[in-house]
file query-v5.cif (mmCIF, C-alpha atoms and all ligand atoms)
data_input
#
loop_
_atom_site.label_atom_id
_atom_site.label_comp_id
_atom_site.auth_asym_id
_atom_site.auth_seq_id
_atom_site.Cartn_x
_atom_site.Cartn_y
_atom_site.Cartn_z
CA MET G 1 -84.92 -49.78 15.79
CA LYS G 2 -83.18 -47.53 18.29
CA LYS G 3 -80.88 -44.76 17.07
CA LEU G 4 -77.74 -44.64 19.21
CA CYS G 5 -74.63 -42.41 19.13
CA GLN G 6 -73.23 -40.69 16.06
CA LEU G 7 -70.31 -42.72 14.71
CA TYR G 8 -69.14 -40.47 11.95
CA GLU G 9 -69.85 -37.20 10.19
CA GLY G 10 -68.84 -36.98 6.56
CA LYS G 11 -69.18 -34.20 4.01
CA ALA G 12 -72.76 -35.01 3.06
CA LYS G 13 -73.99 -37.54 5.61
CA LYS G 14 -73.94 -38.46 9.27
CA VAL G 15 -73.85 -42.06 10.39
CA TYR G 16 -75.37 -43.40 13.62
CA ALA G 17 -75.13 -46.73 15.40
CA THR G 18 -78.30 -48.65 16.17
CA ASP G 19 -79.11 -51.33 18.74
CA ASP G 20 -78.44 -53.90 15.99
CA PRO G 21 -74.69 -54.21 15.37
CA GLU G 22 -75.35 -55.13 11.72
CA LEU G 23 -77.35 -51.97 11.00
CA LEU G 24 -76.59 -48.25 10.84
CA ILE G 25 -78.66 -45.13 10.22
CA VAL G 26 -77.43 -42.60 7.67
CA SER G 27 -78.74 -39.05 7.76
CA TYR G 28 -78.36 -36.91 4.61
CA LYS G 29 -77.31 -33.27 5.02
CA ASP G 30 -77.79 -30.29 2.71
CA ASP G 31 -74.05 -29.53 2.95
CA ALA G 32 -72.11 -29.68 -0.29
CA THR G 33 -68.37 -29.73 -0.86
CA ALA G 34 -66.22 -29.91 -3.96
CA PHE G 35 -62.55 -30.02 -4.90
CA ASN G 36 -61.61 -32.19 -1.94
CA GLY G 37 -63.41 -29.92 0.51
CA LEU G 38 -61.95 -26.61 -0.75
CA LYS G 39 -65.36 -25.37 -1.87
CA LYS G 40 -68.15 -25.51 0.70
CA GLY G 41 -71.81 -24.60 0.54
CA THR G 42 -75.38 -25.67 1.08
CA ILE G 43 -77.90 -26.94 -1.41
CA LYS G 44 -81.31 -26.49 0.18
CA GLY G 45 -83.37 -29.69 0.11
CA LYS G 46 -80.49 -31.79 -1.27
CA GLY G 47 -80.42 -34.19 1.68
CA VAL G 48 -84.06 -35.14 1.20
CA ILE G 49 -83.66 -35.61 -2.55
CA ASN G 50 -80.43 -37.62 -2.31
CA ASN G 51 -81.87 -39.86 0.39
CA GLN G 52 -85.05 -40.61 -1.54
CA MET G 53 -83.36 -40.93 -4.93
CA SER G 54 -80.60 -43.20 -3.69
CA ASN G 55 -83.06 -45.44 -1.86
CA ARG G 56 -85.29 -45.88 -4.89
CA LEU G 57 -82.36 -46.71 -7.13
CA MET G 58 -80.81 -49.07 -4.57
CA ALA G 59 -84.15 -50.87 -4.10
CA ARG G 60 -84.40 -51.37 -7.89
CA LEU G 61 -80.79 -52.54 -8.08
CA ALA G 62 -81.41 -55.15 -5.37
CA THR G 63 -84.18 -56.67 -7.48
CA MET G 64 -81.74 -56.79 -10.41
CA GLY G 65 -79.24 -58.87 -8.44
CA ILE G 66 -76.95 -56.09 -7.24
CA PRO G 67 -76.75 -56.57 -3.46
CA ASN G 68 -76.55 -53.28 -1.57
CA HIS G 69 -76.78 -51.72 1.86
CA PHE G 70 -80.31 -50.28 1.60
CA VAL G 71 -82.70 -51.67 4.21
CA GLU G 72 -85.48 -49.16 4.92
CA GLU G 73 -86.21 -45.46 4.52
CA LEU G 74 -86.96 -44.13 8.01
CA SER G 75 -87.78 -40.52 7.22
CA GLU G 76 -87.17 -37.80 4.64
CA ARG G 77 -83.48 -37.69 5.48
CA GLU G 78 -82.78 -40.93 7.31
CA THR G 79 -82.28 -44.47 6.11
CA LEU G 80 -81.47 -47.77 7.74
CA VAL G 81 -78.56 -49.48 6.01
CA ARG G 82 -76.45 -52.59 6.51
CA ARG G 83 -73.18 -51.95 8.29
CA VAL G 84 -70.20 -52.54 6.05
CA GLU G 85 -66.50 -51.89 6.11
CA ILE G 86 -66.02 -49.51 3.18
CA VAL G 87 -63.46 -50.61 0.58
CA PRO G 88 -61.40 -47.42 0.13
CA LEU G 89 -61.93 -47.24 -3.61
CA GLU G 90 -63.93 -44.70 -5.58
CA VAL G 91 -65.20 -46.67 -8.54
CA ILE G 92 -65.95 -44.38 -11.45
CA VAL G 93 -67.84 -45.50 -14.55
CA ARG G 94 -68.07 -43.17 -17.54
CA ASN G 95 -70.14 -43.22 -20.70
CA ILE G 96 -69.22 -39.73 -21.89
CA ALA G 97 -66.06 -37.66 -21.32
CA ALA G 98 -66.41 -34.98 -18.62
CA GLY G 99 -64.77 -33.61 -15.49
CA SER G 100 -61.39 -34.99 -14.50
CA PHE G 101 -61.28 -37.38 -17.50
CA SER G 102 -61.61 -34.48 -19.96
CA LYS G 103 -58.99 -32.51 -18.07
CA ARG G 104 -56.51 -35.37 -17.65
CA TYR G 105 -56.60 -36.57 -21.25
CA GLY G 106 -57.46 -33.33 -23.05
CA VAL G 107 -60.76 -34.66 -24.38
CA GLU G 108 -63.64 -32.29 -24.92
CA GLU G 109 -66.56 -32.73 -22.53
CA GLY G 110 -69.39 -34.58 -24.28
CA VAL G 111 -67.36 -37.04 -26.36
CA VAL G 112 -69.34 -40.29 -26.25
CA PHE G 113 -67.37 -43.50 -25.68
CA ASP G 114 -68.01 -46.66 -27.73
CA GLU G 115 -67.91 -48.65 -24.49
CA PRO G 116 -68.16 -47.53 -20.86
CA THR G 117 -64.84 -47.00 -19.04
CA ILE G 118 -64.09 -47.85 -15.44
CA GLU G 119 -61.44 -46.33 -13.20
CA TYR G 120 -60.51 -46.36 -9.53
CA SER G 121 -59.29 -43.74 -7.10
CA TYR G 122 -57.81 -44.45 -3.70
CA LYS G 123 -60.36 -43.01 -1.26
CA ASN G 124 -57.97 -40.95 0.84
CA ASP G 125 -58.65 -37.24 1.38
CA ALA G 126 -55.14 -36.53 2.69
CA LEU G 127 -53.68 -37.78 -0.60
CA GLY G 128 -56.37 -36.12 -2.73
CA ASP G 129 -57.99 -39.40 -3.87
CA PRO G 130 -55.25 -40.39 -6.34
CA LEU G 131 -56.09 -42.45 -9.40
CA LEU G 132 -54.96 -46.06 -9.11
CA ASN G 133 -55.09 -49.23 -11.16
CA THR G 134 -56.13 -52.67 -9.96
CA SER G 135 -52.55 -53.85 -9.51
CA HIS G 136 -51.89 -50.85 -7.26
CA ALA G 137 -55.02 -51.73 -5.28
CA LEU G 138 -53.67 -55.27 -4.81
CA ALA G 139 -50.21 -53.97 -3.82
CA LEU G 140 -51.79 -51.67 -1.23
CA GLY G 141 -53.93 -54.53 0.11
CA ILE G 142 -57.08 -52.52 -0.50
CA ALA G 143 -58.97 -55.49 -1.93
CA THR G 144 -58.34 -59.00 -3.23
CA GLU G 145 -58.31 -59.88 -6.92
CA GLN G 146 -61.65 -61.61 -6.54
CA GLU G 147 -63.18 -58.63 -4.75
CA ILE G 148 -62.00 -56.28 -7.49
CA GLU G 149 -63.52 -58.57 -10.09
CA THR G 150 -66.84 -58.56 -8.22
CA ILE G 151 -66.73 -54.78 -7.85
CA GLN G 152 -66.07 -54.33 -11.57
CA THR G 153 -68.89 -56.69 -12.56
CA TYR G 154 -71.34 -54.93 -10.25
CA ALA G 155 -70.22 -51.44 -11.34
CA LEU G 156 -70.78 -52.20 -15.02
CA ALA G 157 -74.15 -53.81 -14.26
CA VAL G 158 -75.15 -50.70 -12.27
CA ASN G 159 -74.16 -48.58 -15.28
CA HIS G 160 -76.29 -50.68 -17.59
CA PHE G 161 -79.30 -50.40 -15.29
CA LEU G 162 -78.90 -46.68 -14.54
CA ARG G 163 -78.31 -45.69 -18.16
CA THR G 164 -81.53 -47.32 -19.28
CA PHE G 165 -83.44 -46.08 -16.26
CA TRP G 166 -82.48 -42.44 -16.85
CA GLU G 167 -82.85 -42.72 -20.64
CA GLU G 168 -86.51 -43.58 -20.10
CA VAL G 169 -87.11 -40.18 -18.48
CA GLY G 170 -85.05 -38.13 -20.92
CA VAL G 171 -81.84 -38.00 -18.90
CA THR G 172 -78.36 -38.96 -20.11
CA LEU G 173 -76.09 -40.68 -17.60
CA VAL G 174 -72.62 -39.25 -18.24
CA ASP G 175 -70.64 -40.79 -15.37
CA PHE G 176 -70.92 -41.71 -11.70
CA LYS G 177 -69.00 -42.85 -8.64
CA LEU G 178 -69.78 -45.92 -6.55
CA GLU G 179 -68.44 -47.23 -3.26
CA PHE G 180 -68.55 -50.82 -2.08
CA GLY G 181 -68.25 -52.39 1.34
CA ARG G 182 -67.78 -55.75 3.05
CA THR G 183 -70.47 -57.12 5.34
CA SER G 184 -69.43 -58.91 8.54
CA ASP G 185 -69.19 -62.19 6.59
CA GLY G 186 -66.95 -60.60 3.96
CA THR G 187 -69.53 -60.29 1.17
CA ILE G 188 -69.03 -57.35 -1.19
CA ILE G 189 -72.13 -55.16 -1.51
CA LEU G 190 -72.82 -51.73 -3.01
CA ALA G 191 -72.91 -48.97 -0.36
CA ASP G 192 -72.85 -45.15 -0.07
CA GLU G 193 -75.28 -43.28 -2.36
CA ILE G 194 -76.39 -42.83 -5.95
CA SER G 195 -77.54 -39.24 -6.35
CA PRO G 196 -76.92 -36.02 -8.29
CA ASP G 197 -73.94 -35.54 -5.92
CA THR G 198 -72.28 -38.66 -7.32
CA CYS G 199 -73.59 -38.83 -10.91
CA ARG G 200 -73.41 -36.51 -13.90
CA LEU G 201 -76.89 -36.31 -15.38
CA TRP G 202 -77.72 -34.23 -18.44
CA ASP G 203 -81.13 -33.40 -19.85
CA THR G 204 -81.03 -35.39 -23.09
CA ALA G 205 -83.07 -32.83 -25.03
CA THR G 206 -81.28 -29.64 -23.96
CA GLY G 207 -77.93 -30.84 -22.58
CA GLU G 208 -78.67 -28.94 -19.36
CA LYS G 209 -76.72 -30.20 -16.35
CA LEU G 210 -78.97 -31.63 -13.63
CA ASP G 211 -76.32 -32.48 -11.04
CA LYS G 212 -73.64 -31.20 -8.67
CA ASP G 213 -71.58 -29.69 -11.51
CA ARG G 214 -73.91 -26.67 -11.21
CA PHE G 215 -72.51 -26.21 -7.68
CA ARG G 216 -68.89 -27.07 -8.56
CA ARG G 217 -68.90 -24.64 -11.48
CA ASP G 218 -71.02 -21.86 -9.89
CA MET G 219 -73.62 -22.17 -12.63
CA GLY G 220 -76.62 -21.22 -10.47
CA GLY G 221 -79.94 -23.04 -10.45
CA VAL G 222 -78.52 -25.78 -8.25
CA GLU G 223 -81.65 -26.37 -6.14
CA ASN G 224 -83.86 -26.35 -9.24
CA ALA G 225 -81.64 -28.91 -10.96
CA TYR G 226 -81.89 -31.29 -7.97
CA GLN G 227 -85.68 -30.80 -7.89
CA GLU G 228 -85.96 -31.39 -11.64
CA ILE G 229 -83.96 -34.63 -11.53
CA MET G 230 -86.11 -35.86 -8.63
CA ARG G 231 -89.24 -34.96 -10.59
CA ARG G 232 -87.95 -37.02 -13.54
CA LEU G 233 -87.25 -39.96 -11.24
CA GLU G 234 -90.80 -39.73 -9.94
CA THR G 235 -92.21 -39.90 -13.48
CA HIS G 236 -90.45 -43.25 -13.92
CA SER G 237 -92.82 -46.21 -13.69
N1 LIG K 301 -67.43 -38.17 -8.06
C1 LIG K 301 -67.90 -38.26 -6.75
N2 LIG K 301 -67.03 -38.04 -5.72
C2 LIG K 301 -65.73 -37.75 -5.91
C3 LIG K 301 -65.25 -37.67 -7.23
C4 LIG K 301 -66.12 -37.88 -8.28
O1 LIG K 301 -69.06 -38.54 -6.54
O2 LIG K 301 -64.99 -37.59 -4.92
C5 LIG K 301 -68.35 -38.41 -9.19
C6 LIG K 301 -68.67 -37.12 -9.93
O3 LIG K 301 -69.86 -36.54 -9.46
C7 LIG K 301 -68.84 -37.61 -11.34
C8 LIG K 301 -67.94 -38.84 -11.43
O4 LIG K 301 -67.71 -39.26 -10.12
O5 LIG K 301 -70.18 -37.99 -11.59
C9 LIG K 301 -66.63 -38.58 -12.14
O6 LIG K 301 -65.99 -37.49 -11.53
P1 LIG K 301 -64.60 -36.93 -12.07
O7 LIG K 301 -63.56 -37.98 -11.91
O8 LIG K 301 -64.80 -36.39 -13.45
O9 LIG K 301 -64.18 -35.84 -11.03
P2 LIG K 301 -64.62 -34.33 -10.83
O10 LIG K 301 -64.59 -33.67 -12.16
O11 LIG K 301 -65.97 -34.42 -10.23
O12 LIG K 301 -63.58 -33.84 -9.88
#

call {"tool": "encode", "arguments": {"input": "query-v5.cif", "output": "structure tokens"}}
result
Amino acid sequence: MKKLCQLYEGKAKKVYATDDPELLIVSYKDDATAFNGLKKGTIKGKGVINNQMSNRLMARLATMGIPNHFVEELSERETLVRRVEIVPLEVIVRNIAAGSFSKRYGVEEGVVFDEPTIEYSYKNDALGDPLLNTSHALALGIATEQEIETIQTYALAVNHFLRTFWEEVGVTLVDFKLEFGRTSDGTIILADEISPDTCRLWDTATGEKLDKDRFRRDMGGVENAYQEIMRRLETHS
């Protein structure tokens, strides 16, 4: 597989073309941003951890019937993925109130929901990723009704898998964000990453935050938290 020109540089990853039009290479950076890019920094070693963690979770999800873009880990920071056209939706699943949900609805962080919730934001930095419902998504032509149904089914199945997975190593999955894409034949598959950048993960025993909130909230111990969550993942059978 030949790595060709860089196609795109995002906040946390770079994307390269390959000599196969159906495949891309993503390269994970240590750069971290928050609050729509207002806060910038570096989390040393994050790129390696996010790459490896996301790949392991994606590989497991594929075996559970959740199709996704993961093809092959090429190196510590680089992975071969299927090329997709990203559906501009941030799909957020929550098990426990935190972050923008707590703020928006005035609910204390840590309130456990009876059932998981799902919400969508329009992936658009210029607009600040506004919240939107499925009828808005249809009106904007972001996705079809059937695609949204598929995305919702997959997102809830991912939640079910991830919750159990993390529970088994003493970690509580609070919430997370997913992105989906369309392959060249129009099939919806899971894309982007699943990492401490995109999930809230709390140590079940102590409540300690083991995710990007330590960076967002200037709590310190960011690198250690990423290392600890990777260590937990590695203890999983
Ligand atoms: N999230 C993300 N990217 C975003 C917004 C949110 O990965 O652009 C993740 C975030 O890490 C958390 C979940 O989605 O695990 C819910 O985030 P929330 O809506 O509470 O927003 P935040 O408080 O992070 O602004």

call {"tool": "residues_near_ligand", "arguments": {"input": "query-v5.cif", "ligand": "ligand LIG 301 (chain K)", "cutoff": "7 Å", "atoms": "all atoms listed in the file", "output": "CSV table (one decimal) with C-alpha atoms, in the coordinates of the input"}}
result
chain,number,residue,atom,x,y,z
G,35,PHE,CA,-62.6,-30.0,-4.9
G,92,ILE,CA,-66.0,-44.4,-11.4
G,98,ALA,CA,-66.4,-35.0,-18.6
G,99,GLY,CA,-64.8,-33.6,-15.5
G,100,SER,CA,-61.4,-35.0,-14.5
G,101,PHE,CA,-61.3,-37.4,-17.5
G,175,ASP,CA,-70.6,-40.8,-15.4
G,176,PHE,CA,-70.9,-41.7,-11.7
G,177,LYS,CA,-69.0,-42.8,-8.6
G,197,ASP,CA,-73.9,-35.5,-5.9
G,198,THR,CA,-72.3,-38.7,-7.3
G,199,CYS,CA,-73.6,-38.8,-10.9
G,200,ARG,CA,-73.4,-36.5,-13.9
G,212,LYS,CA,-73.6,-31.2,-8.7

call {"tool": "residues_near_point", "arguments": {"input": "query-v5.cif", "point": "(-75.3, -55.4, -9.9)", "cutoff": "7 Å", "atoms": "all atoms listed in the file", "output": "list in words"}}
result
Leu61, Met64, Gly65, Ile66, Pro67, Tyr154, Ala155, Ala157 and Val158 of chain G

call {"tool": "atom_distance", "arguments": {"input": "query-v5.cif", "atom1": "CA of Lys29 (chain G)", "atom2": "CA of Glu73 (chain G)"}}
result
15.1 Å

call {"tool": "atom_distance", "arguments": {"input": "query-v5.cif", "atom1": "CA of Arg231 (chain G)", "atom2": "CA of Trp202 (chain G)"}}
result
14.0 Å

call {"tool": "atom_distance", "arguments": {"input": "query-v5.cif", "atom1": "CA of Ile189 (chain G)", "atom2": "CA of Pro116 (chain G)"}}
result
21.2 Å

call {"tool": "residues_near_point", "arguments": {"input": "query-v5.cif", "point": "(-78.3, -42.7, -4.1)", "cutoff": "10 Å", "atoms": "all atoms listed in the file", "output": "list in words"}}
result
Ile49, Asn50, Asn51, Gln52, Met53, Ser54, Asn55, Arg56, Leu57, Met58, Phe70, Leu178, Ala191, Asp192, Glu193, Ile194, Ser195, Pro196, Asp197, Thr198 and Cys199 of chain G

call {"tool": "write_last_selection", "arguments": {"input": "query-v5.cif", "atoms": "C-alpha atoms", "output": "PDB file, in the frame of the given file"}}
result
ATOM      1  CA  ILE G  49     -83.660 -35.610  -2.550  1.00  0.00           C
ATOM      2  CA  ASN G  50     -80.430 -37.620  -2.310  1.00  0.00           C
ATOM      3  CA  ASN G  51     -81.870 -39.860   0.390  1.00  0.00           C
ATOM      4  CA  GLN G  52     -85.050 -40.610  -1.540  1.00  0.00           C
ATOM      5  CA  MET G  53     -83.360 -40.930  -4.930  1.00  0.00           C
ATOM      6  CA  SER G  54     -80.600 -43.200  -3.690  1.00  0.00           C
ATOM      7  CA  ASN G  55     -83.060 -45.440  -1.860  1.00  0.00           C
ATOM      8  CA  ARG G  56     -85.290 -45.880  -4.890  1.00  0.00           C
ATOM      9  CA  LEU G  57     -82.360 -46.710  -7.130  1.00  0.00           C
ATOM     10  CA  MET G  58     -80.810 -49.070  -4.570  1.00  0.00           C
ATOM     11  CA  PHE G  70     -80.310 -50.280   1.600  1.00  0.00           C
ATOM     12  CA  LEU G 178     -69.780 -45.920  -6.550  1.00  0.00           C
ATOM     13  CA  ALA G 191     -72.910 -48.970  -0.360  1.00  0.00           C
ATOM     14  CA  ASP G 192     -72.850 -45.150  -0.070  1.00  0.00           C
ATOM     15  CA  GLU G 193     -75.280 -43.280  -2.360  1.00  0.00           C
ATOM     16  CA  ILE G 194     -76.390 -42.830  -5.950  1.00  0.00           C
ATOM     17  CA  SER G 195     -77.540 -39.240  -6.350  1.00  0.00           C
ATOM     18  CA  PRO G 196     -76.920 -36.020  -8.290  1.00  0.00           C
ATOM     19  CA  ASP G 197     -73.940 -35.540  -5.920  1.00  0.00           C
ATOM     20  CA  THR G 198     -72.280 -38.660  -7.320  1.00  0.00           C
ATOM     21  CA  CYS G 199     -73.590 -38.830 -10.910  1.00  0.00           C
TER      22      CYS G 199
END

call {"tool": "residues_around", "arguments": {"input": "query-v5.cif", "residues": "Phe180 (chain G)", "least_positions_apart": "2", "cutoff": "9 Å", "atoms": "only C-alpha atoms", "output": "list of chain:residue names"}}
result
G:Asn68, G:Val84, G:Glu85, G:Ile86, G:Val87, G:Pro88, G:Leu89, G:Glu90, G:Val91, G:Ile151, G:Leu178, G:Arg182, G:Ile188, G:Ile189, G:Leu190, G:Ala191, G:Asp192

call {"tool": "closest_residue", "arguments": {"input": "query-v5.cif", "among": "G:Thr172, G:Lys209, G:Asn224, G:Gly181", "to": "Ala143 (chain G)", "atoms": "all atoms listed in the file"}}
result
G:Gly181

call {"tool": "closest_residue", "arguments": {"input": "query-v5.cif", "among": "G:Ser102, G:Ala97, G:Glu228, G:Thr33", "to": "Asp114 (chain G)", "atoms": "all atoms listed in the file"}}
result
G:Ala97

call {"tool": "residues_around", "arguments": {"input": "query-v5.cif", "residues": "Gly128 (chain G)", "least_positions_apart": "2", "cutoff": "12 Å", "atoms": "only C-alpha atoms", "output": "ChimeraX atom specification"}}
result
/G:34-38,90,121-126,130-132

call {"tool": "write_last_selection", "arguments": {"input": "query-v5.cif", "atoms": "C-alpha atoms", "output": "CSV table (one decimal), in the frame of the given file"}}
result
chain,number,residue,atom,x,y,z
G,34,ALA,CA,-66.2,-29.9,-4.0
G,35,PHE,CA,-62.6,-30.0,-4.9
G,36,ASN,CA,-61.6,-32.2,-1.9
G,37,GLY,CA,-63.4,-29.9,0.5
G,38,LEU,CA,-62.0,-26.6,-0.8
G,90,GLU,CA,-63.9,-44.7,-5.6
G,121,SER,CA,-59.3,-43.7,-7.1
G,122,TYR,CA,-57.8,-44.4,-3.7
G,123,LYS,CA,-60.4,-43.0,-1.3
G,124,ASN,CA,-58.0,-41.0,0.8
G,125,ASP,CA,-58.6,-37.2,1.4
G,126,ALA,CA,-55.1,-36.5,2.7
G,130,PRO,CA,-55.2,-40.4,-6.3
G,131,LEU,CA,-56.1,-42.4,-9.4
G,132,LEU,CA,-55.0,-46.1,-9.1

call {"tool": "closest_residue", "arguments": {"input": "query-v5.cif", "among": "G:Leu173, G:Gln227, G:Val71, G:Thr42", "to": "Gly110 (chain G)", "atoms": "all atoms listed in the file"}}
result
G:Leu173

call {"tool": "residues_around", "arguments": {"input": "query-v5.cif", "residues": "Glu167 (chain G)", "least_positions_apart": "5", "cutoff": "12 Å", "atoms": "only C-alpha atoms", "output": "PyMOL selection string"}}
result
chain G and resi 159-162+172-174+201-205+232-233+236

call {"tool": "residues_around", "arguments": {"input": "query-v5.cif", "residues": "region 19-26 of chain G", "least_positions_apart": "5", "cutoff": "6 Å", "atoms": "only C-alpha atoms", "output": "VMD selection string"}}
result
chain G and resid 2 14 78 to 83

call {"tool": "closest_residue", "arguments": {"input": "query-v5.cif", "among": "G:Asp218, G:Asp30, G:Glu72, G:Glu119", "to": "Met1 (chain G)", "atoms": "only C-alpha atoms"}}
result
G:Glu72

call {"tool": "closest_residue", "arguments": {"input": "query-v5.cif", "among": "G:Thr206, G:Phe215, G:Glu147, G:Gly170", "to": "Ile229 (chain G)", "atoms": "all atoms listed in the file"}}
result
G:Gly170

call {"tool": "closest_residue", "arguments": {"input": "query-v5.cif", "among": "G:Thr150, G:Glu223, G:Leu127, G:Ser237", "to": "Val48 (chain G)", "atoms": "only C-alpha atoms"}}
result
G:Glu223

call {"tool": "axis_aligned_box", "arguments": {"input": "query-v5.cif", "around": "region 175-178 of chain G", "padding_each_side": "5 Å", "output": "AutoDock Vina command-line options"}}
result
--center_x -70.0 --center_y -43.4 --center_z -11.0 --size_x 11.9 --size_y 15.1 --size_z 18.8
